[in-house]
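Data block below; observations after.
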Amino acid sequence: MNITSLLLGSAAALITVSGARAADAVTVAEPEPTEYVKICDVYGAGYFYIPGTETCLRIGGYVRYDIGLGDVRSYDRARTSDVRTGEDQGKWRNNTSFTFKTWTRQETELGMLKTYTETRMNFGNRNAYSGPDSPQNYAFNRGITLTSAWIQLGGLRVGKDWSAFDTFIGYAGNVLNQMLVPYGDFDTNVVQYYFDASNGFSAVVSFEEGSGVVGTIDSYVPHVVGGVKYTQGWGAVTGVIAYDGNYESVAGKVRVDVNVTNELSLFGMFGYGSNGKLNDDSSNVIDANGRGFYKQWGGNWAFWAGGTYKFNEKTSFNLQVSGDQLKNYGVAANVAYTVVPGFTVTAEVDYDDYGNFGVGMVDPSNVNWTNADKKNSIGGILRFQSSF
């Protein structure tokens with residue numbers, strides 16, 4: 001009897017303890033709900049929905065390193081003074097750049113709402129001397145540059161961008177050094193309207209502030225740019241015209257792009273501009289020396305031509321030839337090689353011919369954009385760029 005009572009009591013105790021433990025095991029905290037990023041592929045690769053919104057966001061950019069050598073006035077090399085002797089001598093021109101970009105897209109009852117931003121940061125030395133107070137051309141952080149930051153609803157765009165005089169018609173080829181003969185200035189605040197007929201015809205009207213001492217508007221009257229374009233599978237024909245509100249100068253460019261084959265594409269661009277008051281240096285408070293915000297080339301006319309040939313998926317050859325009425329000529333050629341997807345190495349050679357060197361020159365800016373101190377300048381650039 002005592003043994004039976006002892007066994008029953010022990011069993012009851014075990015059941016009680018086990019039940020208590022089982023009850024304790026049930027009280028486990030539930031995991032927090034996980035919110036995953038949703039892909040937004042309607043606008044292309046790389047977009048995703050910002051959590052809790054209908055806005056699609058894409059981020060990107062690149063890291064770039066440039067090494068330049070040659071003559072300063074080909075824009076590729078730097079010069080400095082020897083730190084011990086003070087002797088003038090050449091040196092490498094080095095620059096590291098980081099560029100960060102964002103794109104947003106959202107459908108609304110008034111059309112697509114989109115934004116674009118591009119911010120650049122650079123570290124390196126200058127193309128020439130640091131200045132008369134410091135002949136040492138040292139490397140330094142060159143600050144942050146806001147390249148673009150605009151909002152567009154439907155066809156209306158406002159904000160900071162590059163001038164439609166350049167972006168709408170296209171840049172002068174796929175070379176690194178495009179400005180041996182300049183084709184217009186870039187940085188400006190804009191109010192623009194874009195029209196696309198969805199049949200290859202498009203147009204733009206742009207009211208612009210300009211930038212710099214010569215280019216920034218000096219009244220309520222803005223610079224005005226207009227452009228039309230017709231695009232088909234064979235290529236495109238584009239024309240732009242601009243009015244400089246400061247110096248009452250009118251400039252225009254016409255461009256033809258041709259896709260000859262899948263591997264070969266060619267372009268030709270011609271610019272013509274009136275001087276207006278750009279050459280009135282004796283009466284202007286701020287001298288333009290014949291070059292305004294839009295008509296930056298020497299004389300009335302200028303040309304740019306070139307193309308790209310793709311040897312294969314990894315390798316391409318790019319060429320640009322340019323010239324203006326004041327006998328300034330430039331040639332830029334490079335080979336771009338994609339080592340792996342997202343990483344490209346480009347080697348370029350640049351040549352600048354100062355046609356009127358030593359011919360009755362009063363101010364170099366009136367004759368040669370690069371202020372070359374000799375007739376012929378040559379240089380080269382090696383670029384490493386990883387894009388994401």
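Residue numbering restarts at 1 for every chain of the structure tokens, chains are lettered A, B, ... in their displayed order, and ligands are numbered from 1 as they appear.
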
Mind checking which residues fall within 7 Å of stretch 118-125 of chain A, counting only C-alpha atoms, ignoring those fewer than 6 positions away in the same chain, and posting them as a short mmCIF file (atom, residue, chain, number, x, y, z; two decimals) with N, CA, C and O atoms, in the first residue's frame?
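Full text of selection.cif as output:
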```cif
data_model
loop_
_atom_site.label_atom_id
_atom_site.label_comp_id
_atom_site.auth_asym_id
_atom_site.auth_seq_id
_atom_site.Cartn_x
_atom_site.Cartn_y
_atom_site.Cartn_z
N ARG A 93 48.83 64.53 -65.21
CA ARG A 93 47.56 65.10 -64.75
C ARG A 93 46.70 63.93 -64.27
O ARG A 93 46.25 63.10 -65.07
N ASN A 94 46.47 63.86 -62.98
CA ASN A 94 45.71 62.76 -62.38
C ASN A 94 44.40 63.28 -61.79
O ASN A 94 44.37 64.35 -61.18
N ASN A 95 43.34 62.50 -61.97
CA ASN A 95 42.06 62.88 -61.37
C ASN A 95 41.23 61.64 -61.07
O ASN A 95 41.09 60.75 -61.92
N THR A 96 40.72 61.58 -59.85
CA THR A 96 39.79 60.52 -59.46
C THR A 96 38.42 61.15 -59.26
O THR A 96 38.29 62.20 -58.61
N SER A 97 37.40 60.51 -59.81
CA SER A 97 36.05 61.07 -59.76
C SER A 97 35.06 60.02 -59.29
O SER A 97 35.14 58.84 -59.68
N PHE A 98 34.12 60.44 -58.43
CA PHE A 98 33.00 59.60 -58.03
C PHE A 98 31.71 60.33 -58.39
O PHE A 98 31.52 61.50 -58.01
N THR A 99 30.85 59.67 -59.16
CA THR A 99 29.59 60.26 -59.58
C THR A 99 28.43 59.39 -59.10
O THR A 99 28.43 58.17 -59.31
N PHE A 100 27.46 60.02 -58.45
CA PHE A 100 26.30 59.32 -57.92
C PHE A 100 25.05 59.84 -58.65
O PHE A 100 24.85 61.05 -58.77
N LYS A 101 24.21 58.91 -59.14
CA LYS A 101 23.02 59.27 -59.90
C LYS A 101 21.77 58.62 -59.30
O LYS A 101 21.84 57.50 -58.76
N THR A 102 20.65 59.32 -59.41
CA THR A 102 19.36 58.74 -59.03
C THR A 102 18.33 59.06 -60.10
O THR A 102 18.38 60.13 -60.73
N ASN A 137 51.52 72.87 -58.62
CA ASN A 137 50.26 72.29 -59.07
C ASN A 137 49.99 71.05 -58.23
O ASN A 137 50.26 69.93 -58.63
N TYR A 138 49.42 71.24 -57.04
CA TYR A 138 49.23 70.16 -56.09
C TYR A 138 47.86 69.52 -56.28
O TYR A 138 46.94 70.09 -56.86
N ALA A 139 47.72 68.29 -55.78
CA ALA A 139 46.45 67.59 -55.81
C ALA A 139 45.60 68.00 -54.61
O ALA A 139 46.12 68.24 -53.52
N PHE A 140 44.29 68.08 -54.80
CA PHE A 140 43.41 68.52 -53.72
C PHE A 140 41.98 68.07 -54.03
O PHE A 140 41.66 67.71 -55.17
N ASN A 141 41.13 68.04 -53.01
CA ASN A 141 39.71 67.78 -53.22
C ASN A 141 39.09 69.00 -53.88
O ASN A 141 39.13 70.11 -53.32
N ARG A 142 38.49 68.78 -55.02
CA ARG A 142 38.02 69.89 -55.85
C ARG A 142 36.54 70.21 -55.63
O ARG A 142 35.92 70.89 -56.44
N GLY A 143 35.98 69.72 -54.54
CA GLY A 143 34.62 70.09 -54.20
C GLY A 143 33.59 69.18 -54.84
O GLY A 143 33.89 68.24 -55.58
N ILE A 144 32.32 69.48 -54.53
CA ILE A 144 31.18 68.72 -55.04
C ILE A 144 30.49 69.53 -56.13
O ILE A 144 30.24 70.72 -55.97
N THR A 145 30.18 68.88 -57.25
CA THR A 145 29.54 69.54 -58.38
C THR A 145 28.16 68.95 -58.61
O THR A 145 28.01 67.72 -58.73
N LEU A 146 27.15 69.80 -58.64
CA LEU A 146 25.79 69.36 -58.94
C LEU A 146 25.60 69.44 -60.46
O LEU A 146 25.38 70.52 -61.01
N THR A 147 25.70 68.31 -61.13
CA THR A 147 25.56 68.29 -62.58
C THR A 147 24.11 68.41 -63.00
O THR A 147 23.77 69.18 -63.91
N SER A 148 23.23 67.66 -62.36
CA SER A 148 21.80 67.70 -62.69
C SER A 148 20.96 67.50 -61.44
O SER A 148 21.36 66.76 -60.53
N ALA A 149 19.81 68.15 -61.41
CA ALA A 149 18.80 67.95 -60.35
C ALA A 149 17.51 68.56 -60.86
O ALA A 149 17.24 69.74 -60.63
#
```

Query - Contacts of A:Gly200 at 9 Å (only C-alpha atoms; same-chain gap of 2+ positions) as a ChimeraX atom specification - result: /A:196-198,202,229-232,236

For all heavy atoms, I'd like the residues from the last selection saved as a tab-separated table (two decimals), in the first residue's frame.
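Okay, this is what ended up in again_2.tsv:
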```tsv
chain	number	residue	atom	x	y	z
A	196	ASP	N	6.94	64.93	-77.75
A	196	ASP	CA	7.27	63.71	-78.49
A	196	ASP	C	6.02	63.21	-79.19
A	196	ASP	O	5.03	62.85	-78.54
A	196	ASP	CB	7.80	62.64	-77.53
A	196	ASP	CG	8.39	61.44	-78.26
A	196	ASP	OD1	8.10	61.27	-79.45
A	196	ASP	OD2	9.14	60.68	-77.63
A	197	ALA	N	6.05	63.18	-80.53
A	197	ALA	CA	4.89	62.76	-81.30
A	197	ALA	C	4.77	61.25	-81.43
A	197	ALA	O	3.80	60.76	-82.03
A	197	ALA	CB	4.95	63.38	-82.70
A	198	SER	N	5.74	60.51	-80.89
A	198	SER	CA	5.74	59.04	-80.91
A	198	SER	C	5.84	58.45	-82.31
A	198	SER	O	5.54	57.28	-82.53
A	198	SER	CB	4.48	58.48	-80.22
A	198	SER	OG	4.42	58.91	-78.87
A	202	SER	N	10.31	64.89	-82.48
A	202	SER	CA	10.31	65.45	-81.13
A	202	SER	C	10.82	66.89	-81.18
A	202	SER	O	11.46	67.29	-82.15
A	202	SER	CB	11.18	64.62	-80.17
A	202	SER	OG	12.51	64.53	-80.64
A	229	LYS	N	13.78	67.40	-83.81
A	229	LYS	CA	14.54	66.18	-84.14
A	229	LYS	C	13.63	65.19	-84.84
A	229	LYS	O	12.44	65.05	-84.49
A	229	LYS	CB	15.10	65.56	-82.87
A	229	LYS	CG	15.89	64.26	-83.08
A	229	LYS	CD	16.35	63.67	-81.76
A	229	LYS	CE	17.36	64.55	-81.07
A	229	LYS	NZ	17.90	63.92	-79.84
A	230	TYR	N	14.20	64.48	-85.82
A	230	TYR	CA	13.49	63.39	-86.48
A	230	TYR	C	14.37	62.16	-86.42
A	230	TYR	O	15.49	62.15	-86.94
A	230	TYR	CB	13.16	63.74	-87.93
A	230	TYR	CG	12.36	62.67	-88.64
A	230	TYR	CD1	11.04	62.41	-88.27
A	230	TYR	CD2	12.93	61.91	-89.66
A	230	TYR	CE1	10.29	61.44	-88.90
A	230	TYR	CE2	12.18	60.93	-90.30
A	230	TYR	CZ	10.86	60.69	-89.92
A	230	TYR	OH	10.12	59.71	-90.54
A	231	THR	N	13.88	61.10	-85.75
A	231	THR	CA	14.67	59.89	-85.50
A	231	THR	C	14.00	58.68	-86.13
A	231	THR	O	12.79	58.48	-85.97
A	231	THR	CB	14.82	59.64	-83.99
A	231	THR	OG1	15.37	60.80	-83.37
A	231	THR	CG2	15.73	58.46	-83.72
A	232	GLN	N	14.80	57.89	-86.84
A	232	GLN	CA	14.34	56.63	-87.41
A	232	GLN	C	15.43	55.58	-87.21
A	232	GLN	O	16.48	55.87	-86.64
A	232	GLN	CB	14.01	56.80	-88.90
A	232	GLN	CG	12.82	57.70	-89.18
A	232	GLN	CD	11.51	57.14	-88.65
A	232	GLN	OE1	11.15	56.00	-88.89
A	232	GLN	NE2	10.78	57.98	-87.90
A	236	ALA	N	19.28	59.93	-87.37
A	236	ALA	CA	18.48	61.08	-86.95
A	236	ALA	C	19.00	62.35	-87.61
A	236	ALA	O	20.18	62.45	-88.00
A	236	ALA	CB	18.52	61.24	-85.44
```

**Report entry** A:Thr104, A:Gln192, A:Gln89, A:Thr315 ranked by distance to A:Phe165, top pick (using only C-alpha atoms)
**Finding:** A:Gln192

Report task. Just give me the gap between atom CA of A:Arg58 and atom CA of A:Thr167 in Å, one decimal is fine. Result ->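 Atom CA of A:Thr167 lies 21.4 Å from atom CA of A:Arg58.
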
Query raised in the report: Leaving out A:Cys40 and any residue of its chain fewer than 5 positions from it, which residues lie within 9 Å of it when counting only C-alpha atoms, given as number ranges by chain?
Result: A: 45-49, 56-57

Going by DSSP on the backbone, which residues of stretch 112-202 of chain A come out as helix (DSSP H, G or I)? List them as a CSV table (one decimal) with N, CA and C atoms, in the first residue's frame.
```csv
chain,number,residue,atom,x,y,z
A,164,ALA,N,20.0,72.6,-73.3
A,164,ALA,CA,19.3,71.9,-74.4
A,164,ALA,C,20.1,72.1,-75.7
A,165,PHE,N,20.8,73.2,-75.8
A,165,PHE,CA,21.7,73.5,-76.9
A,165,PHE,C,22.7,72.3,-77.2
A,166,ASP,N,23.0,71.6,-76.1
A,166,ASP,CA,24.0,70.5,-76.2
A,166,ASP,C,23.3,69.1,-76.0
A,167,THR,N,22.4,69.0,-75.0
A,167,THR,CA,21.8,67.7,-74.7
A,167,THR,C,20.8,67.2,-75.8
```

Counting only C-alpha atoms, which residues of stretch 151-241 of chain A fall within 12 Å of stretch 307-311 of chain A, and what is the closest atom pair for each with its distance in Å at one decimal, ordered by chain and rising number, as CSV?
```
residue,atom,partner,partner_atom,distance
A:Tyr171,CA,A:Gly307,CA,11.7
A:Ala172,CA,A:Gly307,CA,9.4
A:Gly173,CA,A:Gly307,CA,6.5
A:Asn174,CA,A:Thr308,CA,7.3
A:Val175,CA,A:Thr308,CA,9.4
```

Residues just named, written with C-alpha atoms as a PDB file, in the first residue's frame:
```pdb
ATOM      1  CA  TYR A 171      27.463  65.556 -77.712  1.00  0.00           C
ATOM      2  CA  ALA A 172      30.353  65.678 -80.168  1.00  0.00           C
ATOM      3  CA  GLY A 173      31.146  61.965 -80.308  1.00  0.00           C
ATOM      4  CA  ASN A 174      32.293  59.307 -77.856  1.00  0.00           C
ATOM      5  CA  VAL A 175      35.774  60.729 -77.276  1.00  0.00           C
TER       6      VAL A 175
END
```

Report task. Point out the residue among A:Ser316, A:Asn199, A:Thr346, A:Asn356 with the least atom-to-atom distance to A:Ser386, counting only C-alpha atoms. Result ->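 Nearest candidate to A:Ser386 out of A:Ser316, A:Asn199, A:Thr346, A:Asn356: A:Thr346.
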
Query - Proximity to A:Val221 - best of A:Gly239, A:Tyr272, A:Gly245, A:Trp103, only C-alpha atoms - result: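 Distance minimum relative to A:Val221 lands on A:Gly245.
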
Query - Nearest to A:His223 by atom-to-atom distance, counting only C-alpha atoms, from A:Phe195, A:Phe207, A:Phe201, A:Trp150 - result: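 For A:His223, the nearest of the candidates is A:Phe207.
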
Requested in this report: Using only C-alpha atoms, pick whichever of A:Glu348, A:Asn246, A:Gly235, A:Val191 has the shortest atom-to-atom distance to A:Ser265.
Outcome: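 Using only C-alpha atoms, A:Ser265 sits closest to A:Gly235.
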
Give me the residues near A:Arg383 as a PDB file with N, CA, C and O atoms, in the first residue's frame, where near means some atom within 6 Å (using only C-alpha atoms) and where sequence neighbours in that chain fewer than 3 positions away do not count.
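Written output follows (result_2.pdb):
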```
ATOM      1  N   TYR A  65      39.097  56.944 -62.835  1.00  0.00           N
ATOM      2  CA  TYR A  65      40.463  57.440 -62.610  1.00  0.00           C
ATOM      3  C   TYR A  65      41.094  57.761 -63.961  1.00  0.00           C
ATOM      4  O   TYR A  65      41.139  56.909 -64.859  1.00  0.00           O
ATOM      5  N   ASP A  66      41.577  59.006 -64.109  1.00  0.00           N
ATOM      6  CA  ASP A  66      42.209  59.476 -65.347  1.00  0.00           C
ATOM      7  C   ASP A  66      43.686  59.771 -65.126  1.00  0.00           C
ATOM      8  O   ASP A  66      44.058  60.372 -64.107  1.00  0.00           O
ATOM      9  N   VAL A 345      38.251  50.312 -69.827  1.00  0.00           N
ATOM     10  CA  VAL A 345      39.515  51.040 -69.919  1.00  0.00           C
ATOM     11  C   VAL A 345      39.569  51.713 -71.291  1.00  0.00           C
ATOM     12  O   VAL A 345      39.333  51.061 -72.317  1.00  0.00           O
ATOM     13  N   THR A 346      39.869  53.017 -71.304  1.00  0.00           N
ATOM     14  CA  THR A 346      39.909  53.790 -72.550  1.00  0.00           C
ATOM     15  C   THR A 346      41.249  54.492 -72.681  1.00  0.00           C
ATOM     16  O   THR A 346      41.694  55.162 -71.741  1.00  0.00           O
TER      17      THR A 346
END
```

Requested in this report: Identify, on the basis of only C-alpha atoms, every residue whose closest approach to A:Phe388 does not exceed 7 Å; exclude the query and any residue fewer than 2 positions from it along the same chain; express the result as JSON, numbers by chain.
Outcome: {"A": [60, 61, 62, 342, 386]}

Keeping N, CA and C atoms for every residue in the selection just given, could you write it to a file as a PDB file, in the first residue's frame?
```
ATOM      1  N   GLY A  60      22.569  54.670 -59.359  1.00  0.00           N
ATOM      2  CA  GLY A  60      23.705  54.266 -60.170  1.00  0.00           C
ATOM      3  C   GLY A  60      24.814  55.280 -60.077  1.00  0.00           C
ATOM      4  N   GLY A  61      25.810  55.139 -60.941  1.00  0.00           N
ATOM      5  CA  GLY A  61      26.940  56.060 -60.970  1.00  0.00           C
ATOM      6  C   GLY A  61      28.193  55.381 -61.460  1.00  0.00           C
ATOM      7  N   TYR A  62      29.336  55.968 -61.125  1.00  0.00           N
ATOM      8  CA  TYR A  62      30.600  55.368 -61.525  1.00  0.00           C
ATOM      9  C   TYR A  62      31.737  55.897 -60.668  1.00  0.00           C
ATOM     10  N   GLY A 342      30.748  46.354 -66.741  1.00  0.00           N
ATOM     11  CA  GLY A 342      30.806  47.421 -65.747  1.00  0.00           C
ATOM     12  C   GLY A 342      32.169  48.042 -65.567  1.00  0.00           C
ATOM     13  N   SER A 386      34.615  52.233 -63.600  1.00  0.00           N
ATOM     14  CA  SER A 386      33.710  51.175 -63.177  1.00  0.00           C
ATOM     15  C   SER A 386      32.337  51.790 -62.921  1.00  0.00           C
TER      16      SER A 386
END
```
